$ cat coords.txt   # compact mmCIF, C-alpha atoms
# COMPACT_ATOMS: atom_id res chain seq x y z
CA MET E 1 130.00 151.96 28.56
CA LYS E 2 132.79 149.46 29.12
CA ALA E 3 132.34 145.70 29.40
CA LEU E 4 134.96 143.27 30.68
CA ILE E 5 134.40 139.75 29.30
CA ILE E 6 135.90 137.04 31.50
CA ASP E 7 135.89 133.51 30.09
CA ASP E 8 138.62 130.94 29.54
CA SER E 9 137.24 130.15 26.09
CA ARG E 10 138.46 132.48 23.35
CA ALA E 11 135.52 131.37 21.21
CA MET E 12 133.03 132.29 23.92
CA ARG E 13 134.73 135.66 24.47
CA SER E 14 134.41 136.24 20.73
CA ILE E 15 130.67 135.53 20.80
CA LEU E 16 130.09 137.79 23.80
CA ARG E 17 132.28 140.52 22.33
CA ARG E 18 130.19 140.63 19.16
CA ILE E 19 126.99 140.87 21.17
CA VAL E 20 128.04 143.67 23.51
CA THR E 21 129.89 145.57 20.78
CA SER E 22 126.64 145.62 18.81
CA LEU E 23 125.11 147.28 21.89
CA ASP E 24 127.77 150.03 21.73
CA PHE E 25 129.96 148.76 24.55
CA GLU E 26 133.72 149.06 24.47
CA THR E 27 135.17 145.70 25.45
CA ASP E 28 138.16 144.24 27.20
CA GLU E 29 138.80 140.56 27.87
CA ALA E 30 140.39 138.28 30.42
CA GLY E 31 140.88 134.51 30.43
CA HIS E 32 140.22 134.01 34.14
CA GLY E 33 139.30 135.87 37.31
CA GLN E 34 142.84 136.73 38.39
CA GLU E 35 143.63 138.30 35.03
CA ALA E 36 140.38 140.27 35.24
CA LEU E 37 141.27 141.62 38.70
CA GLU E 38 144.69 142.69 37.40
CA ARG E 39 143.07 144.51 34.48
CA MET E 40 140.65 146.29 36.80
CA GLU E 41 143.50 147.34 39.11
CA SER E 42 145.67 148.67 36.30
CA GLY E 43 143.19 149.99 33.78
CA PRO E 44 139.80 151.66 33.58
CA VAL E 45 137.12 150.11 35.76
CA PRO E 46 134.41 148.52 33.59
CA ASP E 47 130.72 149.29 33.94
CA VAL E 48 129.85 145.62 33.66
CA CYS E 49 131.68 142.30 33.89
CA LEU E 50 130.34 139.26 32.05
CA VAL E 51 131.94 136.42 33.93
CA ASP E 52 132.04 132.65 33.46
CA TRP E 53 131.97 130.39 36.53
CA ASN E 54 134.29 127.50 35.70
CA MET E 55 137.72 128.84 34.79
CA PRO E 56 141.30 127.91 35.62
CA VAL E 57 143.42 130.01 38.04
CA MET E 58 140.46 131.90 39.53
CA ASP E 59 136.82 130.96 38.99
CA GLY E 60 134.00 133.41 38.48
CA TYR E 61 132.51 132.99 41.94
CA THR E 62 135.82 133.91 43.61
CA PHE E 63 136.17 136.84 41.23
CA ILE E 64 132.76 138.15 42.28
CA THR E 65 133.58 137.91 45.99
CA LYS E 66 136.87 139.78 45.40
CA VAL E 67 135.18 142.54 43.42
CA ARG E 68 132.48 142.95 46.03
CA ALA E 69 135.10 143.16 48.79
CA ASN E 70 136.62 146.26 47.17
CA PRO E 71 134.60 149.45 47.84
CA ASP E 72 136.23 151.15 44.83
CA TRP E 73 134.38 148.69 42.59
CA ARG E 74 130.96 148.93 44.19
CA ASN E 75 129.45 150.42 41.02
CA VAL E 76 130.59 147.58 38.79
CA THR E 77 127.68 145.46 37.59
CA LEU E 78 128.38 141.73 37.62
CA MET E 79 126.65 139.27 35.30
CA MET E 80 127.40 135.56 35.45
CA VAL E 81 127.35 133.86 32.02
CA THR E 82 127.84 130.18 32.66
CA THR E 83 126.72 126.60 32.16
CA GLU E 84 126.22 126.29 35.94
CA SER E 85 122.45 126.03 36.13
CA GLU E 86 121.77 124.44 39.53
CA GLN E 87 119.43 126.62 41.58
CA GLN E 88 121.83 126.38 44.51
CA GLN E 89 124.67 127.83 42.42
CA ILE E 90 122.51 130.63 41.08
CA VAL E 91 121.45 131.62 44.60
CA ARG E 92 125.07 131.43 45.75
CA ALA E 93 126.27 133.73 42.96
CA LEU E 94 123.50 136.26 43.52
CA ALA E 95 124.15 136.23 47.28
CA ALA E 96 127.83 136.90 46.62
CA GLY E 97 126.97 140.00 44.63
CA ALA E 98 126.14 139.02 41.07
CA HIS E 99 123.35 141.18 39.65
CA GLU E 100 122.23 138.85 36.88
CA TYR E 101 122.69 135.26 35.80
CA VAL E 102 122.63 133.94 32.23
CA ILE E 103 122.86 130.23 31.48
CA LYS E 104 124.73 128.99 28.42
CA PRO E 105 123.71 128.47 25.69
CA PHE E 106 122.17 131.90 25.29
CA THR E 107 120.89 134.01 22.45
CA PRO E 108 122.13 137.56 21.75
CA ASP E 109 118.67 138.79 22.72
CA ALA E 110 118.97 137.18 26.16
CA ILE E 111 122.17 139.10 26.87
CA ALA E 112 120.69 142.33 25.51
CA GLU E 113 117.54 141.93 27.63
CA LYS E 114 119.54 141.37 30.80
CA LEU E 115 121.73 144.42 30.12
CA GLU E 116 118.61 146.44 29.42
CA MET E 117 117.03 145.29 32.69
CA LEU E 118 120.18 146.45 34.47
CA GLY E 119 119.85 149.86 32.85
CA LEU E 120 123.08 149.50 30.89
CA VAL E 121 121.53 149.75 27.42
CA GLY E 122 118.60 151.80 26.21
CA GLY E 123 115.22 150.14 25.88
CA ALA E 124 113.17 149.93 22.73
CA ALA E 125 111.57 153.23 21.67
CA MET U 1 106.38 106.91 48.83
CA THR U 2 109.16 108.79 47.09
CA ALA U 3 110.30 108.40 43.51
CA PRO U 4 113.61 106.60 43.03
CA ALA U 5 116.62 108.84 42.50
CA LEU U 6 117.36 109.57 38.85
CA THR U 7 120.52 107.70 37.93
CA ALA U 8 120.87 108.57 34.26
CA PRO U 9 119.59 111.19 31.83
CA SER U 10 117.24 109.86 29.17
CA TYR U 11 118.13 109.76 25.49
CA ASP U 12 115.38 112.32 24.80
CA ASP U 13 116.81 114.74 27.36
CA VAL U 14 120.35 114.40 26.01
CA ARG U 15 119.10 114.82 22.46
CA ALA U 16 117.15 117.96 23.44
CA VAL U 17 120.20 119.44 25.20
CA THR U 18 122.37 118.63 22.18
CA ASP U 19 119.91 120.24 19.78
CA GLU U 20 119.61 123.38 21.89
CA VAL U 21 123.36 123.85 22.26
CA TRP U 22 123.98 123.00 18.62
CA THR U 23 121.45 125.38 17.14
CA THR U 24 122.51 128.18 19.48
CA LEU U 25 126.14 127.85 18.39
CA LEU U 26 125.71 126.91 14.73
CA GLY U 27 122.29 128.26 13.84
CA GLU U 28 119.09 126.57 12.82
CA ALA U 29 119.83 126.48 9.09
CA ALA U 30 121.66 123.14 9.34
CA PRO U 31 120.26 121.13 12.24
CA LEU U 32 121.55 117.79 13.46
CA ILE U 33 119.93 114.83 11.73
CA ASP U 34 119.57 111.45 13.45
CA ARG U 35 121.60 108.55 12.12
CA LEU U 36 121.31 104.88 12.97
CA VAL U 37 124.48 103.30 14.29
CA PRO U 38 124.70 99.89 15.99
CA VAL U 39 125.66 100.01 19.67
CA GLY U 40 129.41 99.65 20.12
CA THR U 41 130.29 101.09 16.74
CA PRO U 42 133.49 103.16 17.09
CA PHE U 43 133.48 106.74 15.89
CA ASP U 44 135.58 105.99 12.84
CA SER U 45 136.75 108.79 10.68
CA VAL U 46 140.05 109.93 9.24
CA GLY U 47 140.16 113.04 11.40
CA VAL U 48 138.41 113.26 14.75
CA TRP U 49 138.25 115.68 17.67
CA SER U 50 136.88 114.60 21.01
CA ALA U 51 136.24 116.38 24.29
CA ALA U 52 134.88 115.41 27.68
CA VAL U 53 133.78 116.88 30.98
CA THR U 54 133.12 114.98 34.18
CA VAL U 55 130.43 115.64 36.77
CA SER U 56 131.09 114.83 40.42
CA GLY U 57 128.71 115.01 43.37
CA GLY U 58 125.02 114.21 43.39
CA TRP U 59 125.52 112.47 40.08
CA GLU U 60 128.79 110.94 38.92
CA GLY U 61 129.30 110.78 35.18
CA SER U 62 130.84 112.22 32.08
CA VAL U 63 129.71 113.80 28.85
CA THR U 64 131.78 113.31 25.70
CA VAL U 65 131.48 114.77 22.23
CA GLU U 66 133.15 113.41 19.11
CA LEU U 67 133.30 115.38 15.86
CA THR U 68 135.05 115.06 12.54
CA THR U 69 137.76 117.58 11.74
CA TYR U 70 135.40 119.20 9.25
CA VAL U 71 132.64 119.73 11.82
CA ALA U 72 135.09 120.87 14.50
CA GLY U 73 136.50 123.39 12.03
CA ALA U 74 133.05 124.67 11.09
CA LEU U 75 132.16 125.03 14.77
CA THR U 76 135.37 126.97 15.36
CA THR U 77 135.01 129.38 12.44
CA THR U 78 131.37 130.02 13.34
CA MET U 79 132.13 130.73 16.99
CA LEU U 80 135.04 133.00 16.04
CA ASP U 81 132.99 134.66 13.28
CA LEU U 82 135.51 133.74 10.59
CA PRO U 83 134.85 132.72 6.96
CA HIS U 84 134.08 128.99 6.79
CA ASP U 85 137.21 128.32 4.74
CA ALA U 86 139.47 130.25 7.14
CA GLU U 87 142.54 128.50 8.53
CA VAL U 88 142.16 127.82 12.24
CA SER U 89 144.83 126.61 14.63
CA ASP U 90 144.57 123.44 16.67
CA ALA U 91 144.42 125.65 19.77
CA ASP U 92 141.36 127.44 18.41
CA VAL U 93 139.64 124.16 17.53
CA ALA U 94 140.42 122.73 20.97
CA ASP U 95 139.00 125.86 22.57
CA ALA U 96 135.76 125.74 20.55
CA VAL U 97 135.22 121.99 21.00
CA GLY U 98 135.97 122.40 24.71
CA GLU U 99 133.34 125.09 25.05
CA LEU U 100 130.84 122.88 23.19
CA VAL U 101 131.32 119.99 25.62
CA ASN U 102 131.28 122.43 28.55
CA MET U 103 127.80 123.57 27.52
CA LEU U 104 126.61 120.03 26.88
CA GLY U 105 127.97 118.84 30.21
CA GLY U 106 126.58 121.75 32.17
CA ASN U 107 123.13 121.23 30.74
CA VAL U 108 123.19 117.46 31.30
CA LYS U 109 124.33 118.13 34.88
CA SER U 110 121.29 120.33 35.39
CA LEU U 111 119.05 117.33 34.60
CA MET U 112 120.58 115.19 37.33
CA PRO U 113 120.51 115.24 41.14
CA GLY U 114 122.89 117.79 42.66
CA PRO U 115 124.79 119.49 43.99
CA SER U 116 127.52 118.55 41.56
CA VAL U 117 130.72 120.04 40.21
CA LEU U 118 131.54 120.24 36.52
CA SER U 119 135.18 119.76 35.53
CA LEU U 120 137.03 121.90 33.06
CA PRO U 121 136.91 120.26 29.61
CA SER U 122 139.64 118.00 28.32
CA VAL U 123 140.05 118.00 24.54
CA ALA U 124 142.00 115.70 22.24
CA ALA U 125 142.66 115.34 18.53
CA GLY U 126 141.55 111.74 18.18
CA ARG U 127 138.82 109.35 19.16
CA ALA U 128 137.56 109.30 22.75
CA ALA U 129 138.56 106.43 25.02
CA PHE U 130 136.45 105.45 28.01
CA SER U 131 137.53 103.84 31.24
CA SER U 132 136.41 100.29 31.92
CA ASP U 133 134.18 101.28 34.86
CA ALA U 134 132.26 103.84 32.81
CA ARG U 135 128.91 102.61 31.56
CA GLU U 136 127.25 104.27 28.60
CA VAL U 137 123.77 105.49 29.56
CA ALA U 138 122.80 107.67 26.60
CA ARG U 139 124.23 108.27 23.17
CA VAL U 140 123.15 110.71 20.47
CA GLU U 141 124.24 109.77 16.96
CA ALA U 142 123.66 112.45 14.37
CA THR U 143 125.02 114.01 11.23
CA TRP U 144 125.68 117.64 10.49
CA ASP U 145 126.26 118.66 6.88
CA GLY U 146 126.69 114.96 6.11
CA GLU U 147 129.38 114.40 8.77
CA PRO U 148 128.95 112.34 11.94
CA VAL U 149 128.55 113.87 15.40
CA ARG U 150 128.33 111.81 18.58
CA VAL U 151 127.44 112.82 22.14
CA THR U 152 127.80 110.17 24.82
CA VAL U 153 126.86 110.19 28.50
CA HIS U 154 128.50 107.70 30.87
CA ASN U 155 128.15 106.80 34.50
CA SER U 156 129.17 103.81 36.56
CA THR U 157 125.81 102.54 37.76
CA GLY U 158 123.12 103.84 35.39
CA GLU U 159 120.72 102.10 33.12
CA THR U 160 121.17 102.09 29.35
CA HIS U 161 118.60 104.10 27.44
CA ARG U 162 119.85 103.53 23.90
$ encode --input "coords.txt" --output "C-alpha cells"
Amino acid sequence: MKALIIDDSRAMRSILRRIVTSLDFETDEAGHGQEALERMESGPVPDVCLVDWNMPVMDGYTFITKVRANPDWRNVTLMMVTTESEQQQIVRALAAGAHEYVIKPFTPDAIAEKLEMLGLVGGAA
Amino acid sequence: MTAPALTAPSYDDVRAVTDEVWTTLLGEAAPLIDRLVPVGTPFDSVGVWSAAVTVSGGWEGSVTVELTTYVAGALTTTMLDLPHDAEVSDADVADAVGELVNMLGGNVKSLMPGPSVLSLPSVAAGRAAFSSDAREVARVEATWDGEPVRVTVHNSTGETHR
C-alpha cells in the first residue's frame, strides 16, 4: 500500500510518516495540494492520501475536489488530517469526496483505526 | 430567551486545549505545570520563539504561543523523532512551532462561534508583539521541564478571564 502525506509542516509529515510506515505503508510526501497533484500525475497513484486543510499554494479541500474530478483517481482514498474541526467544514470535506476526517491533535491509534475502518490495514486477529 | 453569544474562550478551555495538544506532541511524561505570573509580565527570556494564528469570521481573534529556545528545540526534535541533543535548523524550529500554534488555534476556533477561517501560522524568533486593538482574553502560563511556556488568546471585544 502507498500513502501520500500532504501537509505544509515537515514536522507533521514526519509524525504521519512514522505512523503509516509502522502500518507497512510506503510513503511519499508533498508540501501542498498542487505538489501532491503533480506527484500523482507523474508517479505511482497512492492508495490513500492523508491531507491537511490549511496549506499554501493549494489547500486540502481544493486538492480533494481536483482528485475527485479525475476518473483515473477514483480508487484513491482521501483522509483529511487537519485542525479544522467545525462541523460545517467536516460536512463540506466529506461531501467533496473525503472518506474520513481526523482532527489534530491525534494519536497514532486514531490514524490506525481510521485506516482499518477504510480497509487499508488488517484488523486485529 | 437565547443565551448571549460567546465572545471569548474561558481560561479552563484554553488550558484544556493546550494540555491536549502538548501531551499529544510531547508525551505525558513531562506535562505542563502551572506558574503564577502577574498580568502584563513580558515573556522575558534570553532566547524566545513565538508564533501566532488569527481567526476570522464568527469569532475574530488570535492565538499566540511563546516558548524558550530550549522548549522550541525539544518540541522540534520530538516531532522530527531526532535525539534531544540533535542540531536543528531555524527552519525546522519555525515549522514545528508553527504547527503547534496551528493546532492550538484550530482547537480554540472550534470552541467559538463559526463559521471562521484560520490563518496560516506566522512564526518569529523573538517575543510576540500585539496590536493595540487586541485585548487579551485568556492566558495560560506554564512551565515545561523548568522552562516557561505561554499561550495567549486575544480578541478586540472580549472579556478578560485571567
$ closest_atom_pairs --input "coords.txt" --of "region 5-104 of chain E" --to "region 89-93 of chain U" --cutoff "10 Å" --atoms "all atoms listed in the file" --output "JSON lines"
{"residue": "E:Ser9", "atom": "CA", "partner": "U:Asp92", "partner_atom": "CA", "distance": 9.1}
{"residue": "E:Arg10", "atom": "CA", "partner": "U:Asp92", "partner_atom": "CA", "distance": 7.6}
{"residue": "E:Ala11", "atom": "CA", "partner": "U:Asp92", "partner_atom": "CA", "distance": 7.6}
$ write_last_selection --input "coords.txt" --atoms "C-alpha atoms" --output "PDB file, in the coordinates of the input"
ATOM      1  CA  SER E   9     137.240 130.150  26.090  1.00  0.00           C
ATOM      2  CA  ARG E  10     138.460 132.480  23.350  1.00  0.00           C
ATOM      3  CA  ALA E  11     135.520 131.370  21.210  1.00  0.00           C
TER       4      ALA E  11
END
$ atom_distance --input "coords.txt" --atom1 "CA of Glu28 (chain U)" --atom2 "CA of Leu104 (chain U)"
17.2 Å
$ interface_residues --input "coords.txt" --of "chain E" --to "chain U" --cutoff "7 Å" --atoms "all atoms listed in the file" --output "CSV table (one decimal) with C-alpha atoms, in the coordinates of the input"
chain,number,residue,atom,x,y,z
E,9,SER,CA,137.2,130.2,26.1
E,10,ARG,CA,138.5,132.5,23.4
E,11,ALA,CA,135.5,131.4,21.2
E,14,SER,CA,134.4,136.2,20.7
E,15,ILE,CA,130.7,135.5,20.8
E,54,ASN,CA,134.3,127.5,35.7
E,83,THR,CA,126.7,126.6,32.2
E,84,GLU,CA,126.2,126.3,35.9
E,85,SER,CA,122.4,126.0,36.1
E,86,GLU,CA,121.8,124.4,39.5
E,104,LYS,CA,124.7,129.0,28.4
E,105,PRO,CA,123.7,128.5,25.7
E,106,PHE,CA,122.2,131.9,25.3
E,107,THR,CA,120.9,134.0,22.4
$ atom_distance --input "coords.txt" --atom1 "CA of Leu115 (chain E)" --atom2 "CA of Gly97 (chain E)"
16.0 Å
$ residues_near_point --input "coords.txt" --point "(140.5, 114.0, 14.2)" --cutoff "6 Å" --atoms "all atoms listed in the file" --output "list in words"
Gly47, Val48, Trp49, Thr68, Thr69, Ala125 and Gly126 of chain U
$ residues_near_point --input "coords.txt" --point "(131.1, 102.8, 16.4)" --cutoff "12 Å" --atoms "only C-alpha atoms" --output "list in words"
Arg35, Leu36, Val37, Pro38, Val39, Gly40, Thr41, Pro42, Phe43, Asp44, Ser45, Glu66, Arg127, Ala128, Ala129, Arg139, Val140, Glu141, Pro148, Val149, Arg150 and Thr152 of chain U
$ residues_around --input "coords.txt" --residues "region 18-26 of chain E" --least-positions-apart "2" --cutoff "9 Å" --atoms "all atoms listed in the file" --output "number ranges by chain"
E: 1-4, 13-16, 28, 108-109, 111-112, 121; U: 81
$ closest_residue --input "coords.txt" --among "E:Ala110, E:Leu118, E:Thr82, E:Trp73" --to "Met40 (chain E)" --atoms "only C-alpha atoms"
E:Trp73
$ atom_distance --input "coords.txt" --atom1 "CA of Ala69 (chain E)" --atom2 "CA of Gln34 (chain E)"
14.5 Å
$ closest_residue --input "coords.txt" --among "U:Gly146, U:Gly27, U:Pro83, U:Pro9" --to "Ser62 (chain U)" --atoms "all atoms listed in the file"
U:Pro9
$ closest_residue --input "coords.txt" --among "U:Glu87, U:Ala124, U:Asp133, U:Ala138" --to "Ser10 (chain U)" --atoms "only C-alpha atoms"
U:Ala138
$ closest_residue --input "coords.txt" --among "U:Ala16, U:Leu26, U:Ala142, U:Val151" --to "Thr64 (chain U)" --atoms "only C-alpha atoms"
U:Val151
$ decode --input "coords.txt" --residues "region 2-117 of chain U" --atoms "C-alpha atoms" --output "PDB file, in the first residue's frame"
ATOM      1  CA  THR U   2     -31.423  32.852  23.962  1.00  0.00           C
ATOM      2  CA  ALA U   3     -28.016  32.714  25.576  1.00  0.00           C
ATOM      3  CA  PRO U   4     -25.675  35.584  24.711  1.00  0.00           C
ATOM      4  CA  ALA U   5     -23.123  34.838  22.006  1.00  0.00           C
ATOM      5  CA  LEU U   6     -19.811  33.545  23.347  1.00  0.00           C
ATOM      6  CA  THR U   7     -17.241  36.288  22.868  1.00  0.00           C
ATOM      7  CA  ALA U   8     -14.157  34.693  24.380  1.00  0.00           C
ATOM      8  CA  PRO U   9     -12.910  31.229  25.296  1.00  0.00           C
ATOM      9  CA  SER U  10     -12.532  30.605  29.014  1.00  0.00           C
ATOM     10  CA  TYR U  11      -9.178  30.079  30.693  1.00  0.00           C
ATOM     11  CA  ASP U  12     -10.198  26.499  31.518  1.00  0.00           C
ATOM     12  CA  ASP U  13     -10.996  25.752  27.875  1.00  0.00           C
ATOM     13  CA  VAL U  14      -7.718  27.225  26.641  1.00  0.00           C
ATOM     14  CA  ARG U  15      -5.792  25.352  29.314  1.00  0.00           C
ATOM     15  CA  ALA U  16      -7.518  22.076  28.351  1.00  0.00           C
ATOM     16  CA  VAL U  17      -6.741  22.627  24.653  1.00  0.00           C
ATOM     17  CA  THR U  18      -3.122  23.450  25.497  1.00  0.00           C
ATOM     18  CA  ASP U  19      -2.745  20.337  27.640  1.00  0.00           C
ATOM     19  CA  GLU U  20      -4.253  18.092  24.975  1.00  0.00           C
ATOM     20  CA  VAL U  21      -2.070  19.437  22.173  1.00  0.00           C
ATOM     21  CA  TRP U  22       1.015  19.445  24.382  1.00  0.00           C
ATOM     22  CA  THR U  23       0.711  15.893  25.632  1.00  0.00           C
ATOM     23  CA  THR U  24      -0.116  14.603  22.157  1.00  0.00           C
ATOM     24  CA  LEU U  25       3.019  16.177  20.707  1.00  0.00           C
ATOM     25  CA  LEU U  26       5.434  15.802  23.625  1.00  0.00           C
ATOM     26  CA  GLY U  27       4.021  12.901  25.599  1.00  0.00           C
ATOM     27  CA  GLU U  28       2.562  12.664  29.059  1.00  0.00           C
ATOM     28  CA  ALA U  29       5.858  12.046  30.856  1.00  0.00           C
ATOM     29  CA  ALA U  30       6.557  15.779  31.262  1.00  0.00           C
ATOM     30  CA  PRO U  31       3.267  17.680  31.442  1.00  0.00           C
ATOM     31  CA  LEU U  32       2.879  21.435  31.611  1.00  0.00           C
ATOM     32  CA  ILE U  33       2.873  22.793  35.155  1.00  0.00           C
ATOM     33  CA  ASP U  34       1.025  25.994  36.078  1.00  0.00           C
ATOM     34  CA  ARG U  35       3.086  29.002  37.071  1.00  0.00           C
ATOM     35  CA  LEU U  36       1.924  32.248  38.619  1.00  0.00           C
ATOM     36  CA  VAL U  37       2.830  35.352  36.660  1.00  0.00           C
ATOM     37  CA  PRO U  38       1.373  38.832  37.249  1.00  0.00           C
ATOM     38  CA  VAL U  39      -0.787  40.155  34.407  1.00  0.00           C
ATOM     39  CA  GLY U  40       1.260  42.229  31.984  1.00  0.00           C
ATOM     40  CA  THR U  41       4.523  40.464  32.705  1.00  0.00           C
ATOM     41  CA  PRO U  42       6.512  40.189  29.453  1.00  0.00           C
ATOM     42  CA  PHE U  43       7.746  36.801  28.351  1.00  0.00           C
ATOM     43  CA  ASP U  44      11.343  37.530  29.224  1.00  0.00           C
ATOM     44  CA  SER U  45      13.995  35.054  28.359  1.00  0.00           C
ATOM     45  CA  VAL U  46      17.321  35.142  26.578  1.00  0.00           C
ATOM     46  CA  GLY U  47      16.038  33.115  23.648  1.00  0.00           C
ATOM     47  CA  VAL U  48      12.393  33.074  22.636  1.00  0.00           C
ATOM     48  CA  TRP U  49      10.294  31.720  19.769  1.00  0.00           C
ATOM     49  CA  SER U  50       6.773  32.956  19.192  1.00  0.00           C
ATOM     50  CA  ALA U  51       4.041  32.043  16.737  1.00  0.00           C
ATOM     51  CA  ALA U  52       0.508  33.201  16.068  1.00  0.00           C
ATOM     52  CA  VAL U  53      -2.571  32.354  14.055  1.00  0.00           C
ATOM     53  CA  THR U  54      -5.595  34.562  13.534  1.00  0.00           C
ATOM     54  CA  VAL U  55      -9.238  33.523  13.339  1.00  0.00           C
ATOM     55  CA  SER U  56     -11.651  35.498  11.172  1.00  0.00           C
ATOM     56  CA  GLY U  57     -15.405  35.103  10.805  1.00  0.00           C
ATOM     57  CA  GLY U  58     -17.878  34.173  13.505  1.00  0.00           C
ATOM     58  CA  TRP U  59     -15.206  34.980  16.040  1.00  0.00           C
ATOM     59  CA  GLU U  60     -12.350  37.406  15.474  1.00  0.00           C
ATOM     60  CA  GLY U  61      -9.205  36.756  17.460  1.00  0.00           C
ATOM     61  CA  SER U  62      -5.726  35.356  17.602  1.00  0.00           C
ATOM     62  CA  VAL U  63      -3.863  32.627  19.420  1.00  0.00           C
ATOM     63  CA  THR U  64      -0.193  33.097  20.247  1.00  0.00           C
ATOM     64  CA  VAL U  65       2.376  30.764  21.752  1.00  0.00           C
ATOM     65  CA  GLU U  66       5.702  31.818  23.248  1.00  0.00           C
ATOM     66  CA  LEU U  67       8.439  29.317  24.086  1.00  0.00           C
ATOM     67  CA  THR U  68      12.054  29.450  25.125  1.00  0.00           C
ATOM     68  CA  THR U  69      14.637  28.269  22.630  1.00  0.00           C
ATOM     69  CA  TYR U  70      15.151  25.164  24.756  1.00  0.00           C
ATOM     70  CA  VAL U  71      11.461  24.201  24.684  1.00  0.00           C
ATOM     71  CA  ALA U  72      11.126  25.028  20.983  1.00  0.00           C
ATOM     72  CA  GLY U  73      14.135  22.816  20.280  1.00  0.00           C
ATOM     73  CA  ALA U  74      12.731  19.952  22.340  1.00  0.00           C
ATOM     74  CA  LEU U  75       9.400  20.247  20.536  1.00  0.00           C
ATOM     75  CA  THR U  76      11.208  20.159  17.192  1.00  0.00           C
ATOM     76  CA  THR U  77      13.402  17.142  17.929  1.00  0.00           C
ATOM     77  CA  THR U  78      10.424  15.242  19.332  1.00  0.00           C
ATOM     78  CA  MET U  79       8.211  15.963  16.332  1.00  0.00           C
ATOM     79  CA  LEU U  80      11.021  15.040  13.928  1.00  0.00           C
ATOM     80  CA  ASP U  81      11.938  11.964  16.000  1.00  0.00           C
ATOM     81  CA  LEU U  82      15.521  13.125  16.496  1.00  0.00           C
ATOM     82  CA  PRO U  83      17.751  12.726  19.577  1.00  0.00           C
ATOM     83  CA  HIS U  84      17.046  15.534  22.056  1.00  0.00           C
ATOM     84  CA  ASP U  85      20.563  16.928  21.658  1.00  0.00           C
ATOM     85  CA  ALA U  86      20.381  16.916  17.848  1.00  0.00           C
ATOM     86  CA  GLU U  87      21.152  20.146  15.993  1.00  0.00           C
ATOM     87  CA  VAL U  88      18.040  21.566  14.377  1.00  0.00           C
ATOM     88  CA  SER U  89      17.838  24.424  11.905  1.00  0.00           C
ATOM     89  CA  ASP U  90      15.836  27.584  12.475  1.00  0.00           C
ATOM     90  CA  ALA U  91      13.596  26.467   9.599  1.00  0.00           C
ATOM     91  CA  ASP U  92      12.806  23.217  11.409  1.00  0.00           C
ATOM     92  CA  VAL U  93      12.066  25.038  14.670  1.00  0.00           C
ATOM     93  CA  ALA U  94       9.840  27.534  12.870  1.00  0.00           C
ATOM     94  CA  ASP U  95       7.985  24.668  11.217  1.00  0.00           C
ATOM     95  CA  ALA U  96       7.414  22.804  14.494  1.00  0.00           C
ATOM     96  CA  VAL U  97       6.379  25.894  16.471  1.00  0.00           C
ATOM     97  CA  GLY U  98       4.101  26.887  13.598  1.00  0.00           C
ATOM     98  CA  GLU U  99       2.384  23.516  13.668  1.00  0.00           C
ATOM     99  CA  LEU U 100       1.976  23.811  17.455  1.00  0.00           C
ATOM    100  CA  VAL U 101       0.178  27.152  17.180  1.00  0.00           C
ATOM    101  CA  ASN U 102      -1.838  25.846  14.228  1.00  0.00           C
ATOM    102  CA  MET U 103      -3.203  23.056  16.429  1.00  0.00           C
ATOM    103  CA  LEU U 104      -3.815  25.391  19.359  1.00  0.00           C
ATOM    104  CA  GLY U 105      -5.561  27.912  17.133  1.00  0.00           C
ATOM    105  CA  GLY U 106      -7.685  25.345  15.360  1.00  0.00           C
ATOM    106  CA  ASN U 107      -8.883  23.888  18.627  1.00  0.00           C
ATOM    107  CA  VAL U 108      -9.602  27.296  20.172  1.00  0.00           C
ATOM    108  CA  LYS U 109     -11.522  28.199  16.994  1.00  0.00           C
ATOM    109  CA  SER U 110     -13.678  25.120  17.472  1.00  0.00           C
ATOM    110  CA  LEU U 111     -14.797  26.486  20.861  1.00  0.00           C
ATOM    111  CA  MET U 112     -16.071  29.730  19.373  1.00  0.00           C
ATOM    112  CA  PRO U 113     -18.992  30.693  17.135  1.00  0.00           C
ATOM    113  CA  GLY U 114     -18.382  29.977  13.451  1.00  0.00           C
ATOM    114  CA  PRO U 115     -18.001  29.717  10.616  1.00  0.00           C
ATOM    115  CA  SER U 116     -14.476  31.060  10.829  1.00  0.00           C
ATOM    116  CA  VAL U 117     -11.258  30.820   8.876  1.00  0.00           C
TER     117      VAL U 117
END
